[in-house]
Every structure is written in C-alpha cells, then in structure tokens.
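Here the structure comes first, spelled out in structure tokens, and everything after it is commentary.
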Amino acid sequence: MRTRPATMAMKVPEVALIFWIAKLCTTGFGESFSDYVFFNDYIGQHLAMLMGLGLLLVCLAVQMSTTKYIPWVYWLAVTAVSIFGTMSADFLNKDLGMPLYASTLMLVAVQTGVFAAWYATQRTLDVHSINNRLRELFYWLTVLCTFALGTAAGDFAAVTLGLGTLASSFVFLGIILIPAAGYRWFALNEVLAFWFAYTITRPLGASVADWLSVPAPYGDGLQLGTGPISLVLGILLTGVIALVASQHRRSDPSNVAPVEAAAEGR
C-alpha cells in the first residue's frame, strides 16, 4: 500500500482582479436569488433553507472531491455558499427574531472563533497554503461565515442604522478601499487585507443587489424584483465564470503539455 501524501494541489484561485469581480457577482446573485426563494410564498422559508443546504452540501462535496482547482466547480461552490449564507442570516432575523445588531455581533464572534481555531491548528490563515484537507475545511467554513456575516452587516447598515441600500453600498465601497490602500501603500499584512476585503465584498454586493431588486414596500431603490435581477446577475455570473475558466485553461501547464506532445508526434 502506498501512503497518501500530506499535501495536495492548490484548489483555490489566484487572487487577481477577475477574482474580485467573480466574488462580487456571487454576492449579488446570492443575495437576490436567496431572497427570491426564501420569501417565496409557494416555497416557504423552511423548504428554502433545506434546498439551500442541499445545494451547498452537493457543491462542497464535489469541490472537496477534486484534486485541483477547477473554476466551474470552485465558483459554483462559492455561489452555493452565498445563497445559503444569506438564508442563514435571514433565518436568524426573520424566523428567530434576532435583532440585526445581535446577529451581526454573533456572526463576528463565530468568524473570529473560526479564524482562531484555524490559526491555532495550522499556524496560518493564508489562502495560498490551502494544501491539505483540514485547511480546506477551515477555508470553506470561513467563507460561509463571511457570507452570513456580510448579509447581517449589510441589513444592519441599511435597516437598523437607516442608511438605506444605496447609501450602504457607498459606505461599504469606502470600507473596502481601506484594505486595498493599506496593502498597496502602507504594508498591511496581505492575509489580513485579503480576509478584510473578502468579508466586505459580501455586504457591498448584497447592498447593490437589494437596491436593484427588493420590491415595494420593502425596497428603497429601483425595486425591479428579486426574480428579474437574479436572472440578470445569474447570466452575468455565468459569463464571468466562463471567462475565468477560459483564462485558466490557457494558463494551466497541465493543459499545455498534451498539446505540445501531440505537436511533437506529428
């Protein structure tokens, strides 16, 4: 019997501009589609939660079973996390009656606890070190926490603080510039900058999606409807993932080698 190696190939993408574009697309789509399903009278909130959980488990099972980064598999898993993370935060507020400030603080504590456990066992929070199964589990648990926290924080800013969705969008846009500027000009730790920005993309994308979609009398924006906006953002997300997958195919050495081998054989 051969022992399994302690490390595995990287299964997360490089952090570049297209990464953040795709991430924002998943947040916007996840927010609008989750609201469309979760508040649908024909489906019901409990069935919606079960559907979201089922989708999440299937997508994560496929992602965990892969041996390398596959764009379609990875970003579909992120999208499933976005949908279920939004539902989880809404469940705390709408079903359990938890105030938005309380759910936001609770989810901050949960995410902090996940970070603490991850660092205590692995001595790193760097996404470029996701090279074993335990680190991958911590990574996806952290991603889920960021989506739930971002949903609660976005609703807290828009509703509890009374900013509305449009003003909240600009507030979170300003906040996300902090880690970007800190990393670029003030030597902010890259791991801290990444997770700071990753968390804030959630309420930023969700606030924009809510401004576009949430219908009257609950919305304060364009009120175009969660269904139509989900369709538009879903098409946009699909296009972005297709672009990411195309770039990955061209840059992946494992895809170049067979072509070169075939050329040499002619």
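Labeling convention for the structure tokens: chains A, B, ... as they appear, residues from 1 per chain, ligands from 1 in order of appearance.
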List every residue of segment 41-219 of chain A that DSSP, applied to the backbone of this structure, assigns to helix (DSSP H, G or I), and report them as an MDAnalysis selection string. chainID A and resid 45:65 71:95 100:122 127:129 133:160 164:185 190:213
Asp95 of chain A environment, 12 Å, only C-alpha atoms, sequence neighbours closer than 6 positions dropped, as a list in words: Phe38, Phe39, Gly44, Gln45, His46, Met49, Met87, Ser88 and Ala89 of chain A
Could you please take those selected residues and save all heavy atoms as a PDB file, in the first residue's frame?
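The result, stored in again-v7.pdb:
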ATOM      1  N   PHE A  38     -36.301  32.427  -0.632  1.00  0.00           N
ATOM      2  CA  PHE A  38     -36.591  32.411   0.802  1.00  0.00           C
ATOM      3  C   PHE A  38     -37.932  33.067   1.118  1.00  0.00           C
ATOM      4  O   PHE A  38     -38.657  32.626   2.012  1.00  0.00           O
ATOM      5  CB  PHE A  38     -35.466  33.123   1.551  1.00  0.00           C
ATOM      6  CG  PHE A  38     -35.499  32.943   3.043  1.00  0.00           C
ATOM      7  CD1 PHE A  38     -35.083  31.748   3.620  1.00  0.00           C
ATOM      8  CD2 PHE A  38     -35.932  33.962   3.875  1.00  0.00           C
ATOM      9  CE1 PHE A  38     -35.102  31.576   5.004  1.00  0.00           C
ATOM     10  CE2 PHE A  38     -35.949  33.800   5.247  1.00  0.00           C
ATOM     11  CZ  PHE A  38     -35.532  32.602   5.813  1.00  0.00           C
ATOM     12  N   PHE A  39     -38.281  34.124   0.391  1.00  0.00           N
ATOM     13  CA  PHE A  39     -39.525  34.857   0.659  1.00  0.00           C
ATOM     14  C   PHE A  39     -40.612  34.530  -0.357  1.00  0.00           C
ATOM     15  O   PHE A  39     -41.564  35.286  -0.512  1.00  0.00           O
ATOM     16  CB  PHE A  39     -39.244  36.362   0.670  1.00  0.00           C
ATOM     17  CG  PHE A  39     -38.308  36.788   1.767  1.00  0.00           C
ATOM     18  CD1 PHE A  39     -36.995  37.154   1.471  1.00  0.00           C
ATOM     19  CD2 PHE A  39     -38.709  36.792   3.089  1.00  0.00           C
ATOM     20  CE1 PHE A  39     -36.121  37.534   2.478  1.00  0.00           C
ATOM     21  CE2 PHE A  39     -37.852  37.168   4.103  1.00  0.00           C
ATOM     22  CZ  PHE A  39     -36.548  37.541   3.807  1.00  0.00           C
ATOM     23  N   GLY A  44     -41.811  28.653   0.771  1.00  0.00           N
ATOM     24  CA  GLY A  44     -41.729  28.716   2.231  1.00  0.00           C
ATOM     25  C   GLY A  44     -40.286  28.760   2.697  1.00  0.00           C
ATOM     26  O   GLY A  44     -39.387  28.216   2.048  1.00  0.00           O
ATOM     27  N   GLN A  45     -40.074  29.395   3.815  1.00  0.00           N
ATOM     28  CA  GLN A  45     -38.714  29.635   4.286  1.00  0.00           C
ATOM     29  C   GLN A  45     -38.007  28.356   4.720  1.00  0.00           C
ATOM     30  O   GLN A  45     -36.811  28.186   4.485  1.00  0.00           O
ATOM     31  CB  GLN A  45     -38.736  30.655   5.426  1.00  0.00           C
ATOM     32  CG  GLN A  45     -39.239  32.017   4.972  1.00  0.00           C
ATOM     33  CD  GLN A  45     -39.324  33.032   6.096  1.00  0.00           C
ATOM     34  OE1 GLN A  45     -39.080  32.699   7.257  1.00  0.00           O
ATOM     35  NE2 GLN A  45     -39.699  34.255   5.772  1.00  0.00           N
ATOM     36  N   HIS A  46     -38.731  27.432   5.349  1.00  0.00           N
ATOM     37  CA  HIS A  46     -38.086  26.208   5.825  1.00  0.00           C
ATOM     38  C   HIS A  46     -37.658  25.313   4.663  1.00  0.00           C
ATOM     39  O   HIS A  46     -36.552  24.763   4.663  1.00  0.00           O
ATOM     40  CB  HIS A  46     -39.032  25.452   6.765  1.00  0.00           C
ATOM     41  CG  HIS A  46     -39.295  26.190   8.041  1.00  0.00           C
ATOM     42  ND1 HIS A  46     -40.465  26.046   8.772  1.00  0.00           N
ATOM     43  CD2 HIS A  46     -38.548  27.111   8.705  1.00  0.00           C
ATOM     44  CE1 HIS A  46     -40.419  26.821   9.831  1.00  0.00           C
ATOM     45  NE2 HIS A  46     -39.267  27.470   9.817  1.00  0.00           N
ATOM     46  N   MET A  49     -34.662  26.819   3.036  1.00  0.00           N
ATOM     47  CA  MET A  49     -33.431  26.536   3.782  1.00  0.00           C
ATOM     48  C   MET A  49     -32.913  25.137   3.470  1.00  0.00           C
ATOM     49  O   MET A  49     -31.707  24.937   3.281  1.00  0.00           O
ATOM     50  CB  MET A  49     -33.681  26.670   5.290  1.00  0.00           C
ATOM     51  CG  MET A  49     -33.798  28.092   5.795  1.00  0.00           C
ATOM     52  SD  MET A  49     -32.204  28.932   5.903  1.00  0.00           S
ATOM     53  CE  MET A  49     -31.409  28.004   7.214  1.00  0.00           C
ATOM     54  N   MET A  87     -29.416  32.982   3.383  1.00  0.00           N
ATOM     55  CA  MET A  87     -30.583  32.382   4.033  1.00  0.00           C
ATOM     56  C   MET A  87     -30.366  32.215   5.525  1.00  0.00           C
ATOM     57  O   MET A  87     -31.281  32.436   6.331  1.00  0.00           O
ATOM     58  CB  MET A  87     -30.883  31.019   3.408  1.00  0.00           C
ATOM     59  CG  MET A  87     -31.428  31.083   2.004  1.00  0.00           C
ATOM     60  SD  MET A  87     -31.772  29.418   1.364  1.00  0.00           S
ATOM     61  CE  MET A  87     -32.487  29.808  -0.234  1.00  0.00           C
ATOM     62  N   SER A  88     -29.147  31.842   5.915  1.00  0.00           N
ATOM     63  CA  SER A  88     -28.849  31.629   7.332  1.00  0.00           C
ATOM     64  C   SER A  88     -29.020  32.914   8.128  1.00  0.00           C
ATOM     65  O   SER A  88     -29.615  32.918   9.216  1.00  0.00           O
ATOM     66  CB  SER A  88     -27.421  31.100   7.488  1.00  0.00           C
ATOM     67  OG  SER A  88     -27.257  29.878   6.814  1.00  0.00           O
ATOM     68  N   ALA A  89     -28.482  34.014   7.582  1.00  0.00           N
ATOM     69  CA  ALA A  89     -28.608  35.299   8.274  1.00  0.00           C
ATOM     70  C   ALA A  89     -30.066  35.740   8.319  1.00  0.00           C
ATOM     71  O   ALA A  89     -30.541  36.245   9.353  1.00  0.00           O
ATOM     72  CB  ALA A  89     -27.750  36.350   7.575  1.00  0.00           C
TER      73      ALA A  89
END
Fewer than 4 positions away in the same chain doesn't count, so skip those; otherwise give me all residues within 9 Å of Glu31 of chain A, counting only C-alpha atoms, as a list in words. Thr26, Thr27, Asp35, Tyr36, Ser82, Ile83, Thr86, Met87, Thr151, Arg202, Gly205, Ala206, Ser207, Ala209, Asp210, Thr226 and Ser230 of chain A
Take the residues from that selection and write them out as a compact mmCIF listing (two decimals), in the first residue's frame, keeping C-alpha atoms.
# COMPACT_ATOMS: atom_id res chain seq x y z
CA THR A 26 -21.59 35.69 -6.46
CA THR A 27 -22.55 38.04 -3.62
CA ASP A 35 -34.43 36.50 -1.30
CA TYR A 36 -36.42 35.28 -4.31
CA SER A 82 -23.53 32.75 -0.94
CA ILE A 83 -27.12 31.54 -1.26
CA THR A 86 -27.77 34.73 3.01
CA MET A 87 -30.58 32.38 4.03
CA THR A 151 -25.61 39.70 4.96
CA ARG A 202 -20.46 40.49 0.80
CA GLY A 205 -22.57 43.22 -3.39
CA ALA A 206 -25.68 42.48 -1.34
CA SER A 207 -26.48 46.17 -0.83
CA ALA A 209 -28.41 43.80 -5.34
CA ASP A 210 -31.01 44.89 -2.76
CA THR A 226 -35.64 39.71 -6.98
CA SER A 230 -31.49 37.12 -10.11
Per-residue nearest contacts of segment 84-165 of chain A to segment 183-194 of chain A (10 Å; only C-alpha atoms) as a tab-separated table:
residue	atom	partner	partner_atom	distance
A:Thr124	CA	A:Val191	CA	9.0
A:Leu125	CA	A:Val191	CA	6.7
A:Asp126	CA	A:Val191	CA	5.7
A:Val127	CA	A:Val191	CA	7.8
A:His128	CA	A:Val191	CA	9.6
Serialized selection, N, CA, C and O atoms, as a PDB file, in the first residue's frame:
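This went into selection32.pdb:
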ATOM      1  N   THR A 124      -1.410  29.354  10.209  1.00  0.00           N
ATOM      2  CA  THR A 124      -1.508  30.236   9.049  1.00  0.00           C
ATOM      3  C   THR A 124      -2.964  30.396   8.662  1.00  0.00           C
ATOM      4  O   THR A 124      -3.780  29.495   8.896  1.00  0.00           O
ATOM      5  N   LEU A 125      -3.290  31.557   8.086  1.00  0.00           N
ATOM      6  CA  LEU A 125      -4.611  31.806   7.513  1.00  0.00           C
ATOM      7  C   LEU A 125      -4.495  32.149   6.030  1.00  0.00           C
ATOM      8  O   LEU A 125      -5.460  32.604   5.416  1.00  0.00           O
ATOM      9  N   ASP A 126      -3.331  31.903   5.476  1.00  0.00           N
ATOM     10  CA  ASP A 126      -3.044  32.264   4.095  1.00  0.00           C
ATOM     11  C   ASP A 126      -3.776  31.323   3.142  1.00  0.00           C
ATOM     12  O   ASP A 126      -3.626  30.105   3.224  1.00  0.00           O
ATOM     13  N   VAL A 127      -4.553  31.894   2.210  1.00  0.00           N
ATOM     14  CA  VAL A 127      -5.295  31.054   1.269  1.00  0.00           C
ATOM     15  C   VAL A 127      -4.358  30.338   0.303  1.00  0.00           C
ATOM     16  O   VAL A 127      -4.746  29.341  -0.324  1.00  0.00           O
ATOM     17  N   HIS A 128      -3.140  30.833   0.166  1.00  0.00           N
ATOM     18  CA  HIS A 128      -2.178  30.162  -0.709  1.00  0.00           C
ATOM     19  C   HIS A 128      -1.550  28.934  -0.037  1.00  0.00           C
ATOM     20  O   HIS A 128      -0.725  28.259  -0.651  1.00  0.00           O
TER      21      HIS A 128
END
Could you tell me which of A:Ile21, A:Ile43, A:Ile175, A:Leu243 comes closest to Pro203 of chain A if we count only C-alpha atoms?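 Ranked by minimum distance to Pro203 of chain A, first place goes to A:Ile175.
With only C-alpha atoms as the atoms that count, the residue of A:Phe91, A:Ala197, A:Gly28, A:Leu105 with the shortest distance to Val15 of chain A is A:Ala197.
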Which neighbours of Phe172 of chain A fall inside 9 Å, counting only C-alpha atoms, when residues of the same chain fewer than 3 positions from it are skipped, and could you give them as a ChimeraX atom specification? /A:154,167-169,175-177,200-201,203-204,207
Near-Val108 of chain A list (9 Å; only C-alpha atoms; drop same-chain fewer than 4 positions) as a ChimeraX atom specification: /A:103-104,112-113,145-146,149
Using only C-alpha atoms, which residues sit within 7 Å of Leu56 of chain A once same-chain residues fewer than 3 positions away are excluded, as a ChimeraX atom specification? /A:52-53,59-60,77,80-81,84
Convert the current residue selection to file output with all heavy atoms, as a short mmCIF file (atom, residue, chain, number, x, y, z; two decimals), in the first residue's frame.
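Below you can see part.cif, which holds the result:
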data_model
loop_
_atom_site.label_atom_id
_atom_site.label_comp_id
_atom_site.auth_asym_id
_atom_site.auth_seq_id
_atom_site.Cartn_x
_atom_site.Cartn_y
_atom_site.Cartn_z
N GLY A 52 -31.45 25.15 0.00
CA GLY A 52 -30.15 25.83 0.01
C GLY A 52 -29.07 24.97 0.64
O GLY A 52 -27.93 24.92 0.15
N LEU A 53 -29.41 24.29 1.74
CA LEU A 53 -28.45 23.41 2.40
C LEU A 53 -28.08 22.24 1.50
O LEU A 53 -26.90 21.85 1.42
CB LEU A 53 -29.03 22.90 3.72
CG LEU A 53 -28.16 21.93 4.52
CD1 LEU A 53 -26.82 22.57 4.89
CD2 LEU A 53 -28.89 21.44 5.76
N CYS A 59 -22.48 20.87 -3.75
CA CYS A 59 -21.40 21.64 -4.37
C CYS A 59 -20.09 21.49 -3.59
O CYS A 59 -19.01 21.36 -4.19
CB CYS A 59 -21.79 23.11 -4.48
SG CYS A 59 -23.09 23.43 -5.70
N LEU A 60 -20.17 21.52 -2.26
CA LEU A 60 -18.95 21.36 -1.46
C LEU A 60 -18.40 19.94 -1.57
O LEU A 60 -17.18 19.75 -1.56
CB LEU A 60 -19.22 21.72 0.00
CG LEU A 60 -19.37 23.20 0.31
CD1 LEU A 60 -19.56 23.42 1.80
CD2 LEU A 60 -18.14 23.99 -0.17
N ALA A 77 -19.40 26.35 -6.00
CA ALA A 77 -19.40 26.15 -4.55
C ALA A 77 -19.52 27.49 -3.83
O ALA A 77 -20.27 27.62 -2.85
CB ALA A 77 -18.14 25.41 -4.13
N ALA A 80 -23.09 28.64 -4.08
CA ALA A 80 -23.95 27.91 -3.15
C ALA A 80 -23.78 28.42 -1.72
O ALA A 80 -24.75 28.54 -0.97
CB ALA A 80 -23.65 26.41 -3.23
N VAL A 81 -22.54 28.71 -1.34
CA VAL A 81 -22.28 29.27 -0.02
C VAL A 81 -22.95 30.63 0.12
O VAL A 81 -23.52 30.97 1.16
CB VAL A 81 -20.76 29.40 0.24
CG1 VAL A 81 -20.49 30.16 1.53
CG2 VAL A 81 -20.12 28.02 0.30
N PHE A 84 -26.80 30.04 0.63
CA PHE A 84 -27.14 29.51 1.95
C PHE A 84 -26.72 30.47 3.06
O PHE A 84 -27.41 30.57 4.08
CB PHE A 84 -26.49 28.14 2.16
CG PHE A 84 -26.91 27.49 3.45
CD1 PHE A 84 -28.18 26.98 3.60
CD2 PHE A 84 -26.03 27.41 4.51
CE1 PHE A 84 -28.58 26.39 4.80
CE2 PHE A 84 -26.41 26.82 5.71
CZ PHE A 84 -27.69 26.30 5.86
#
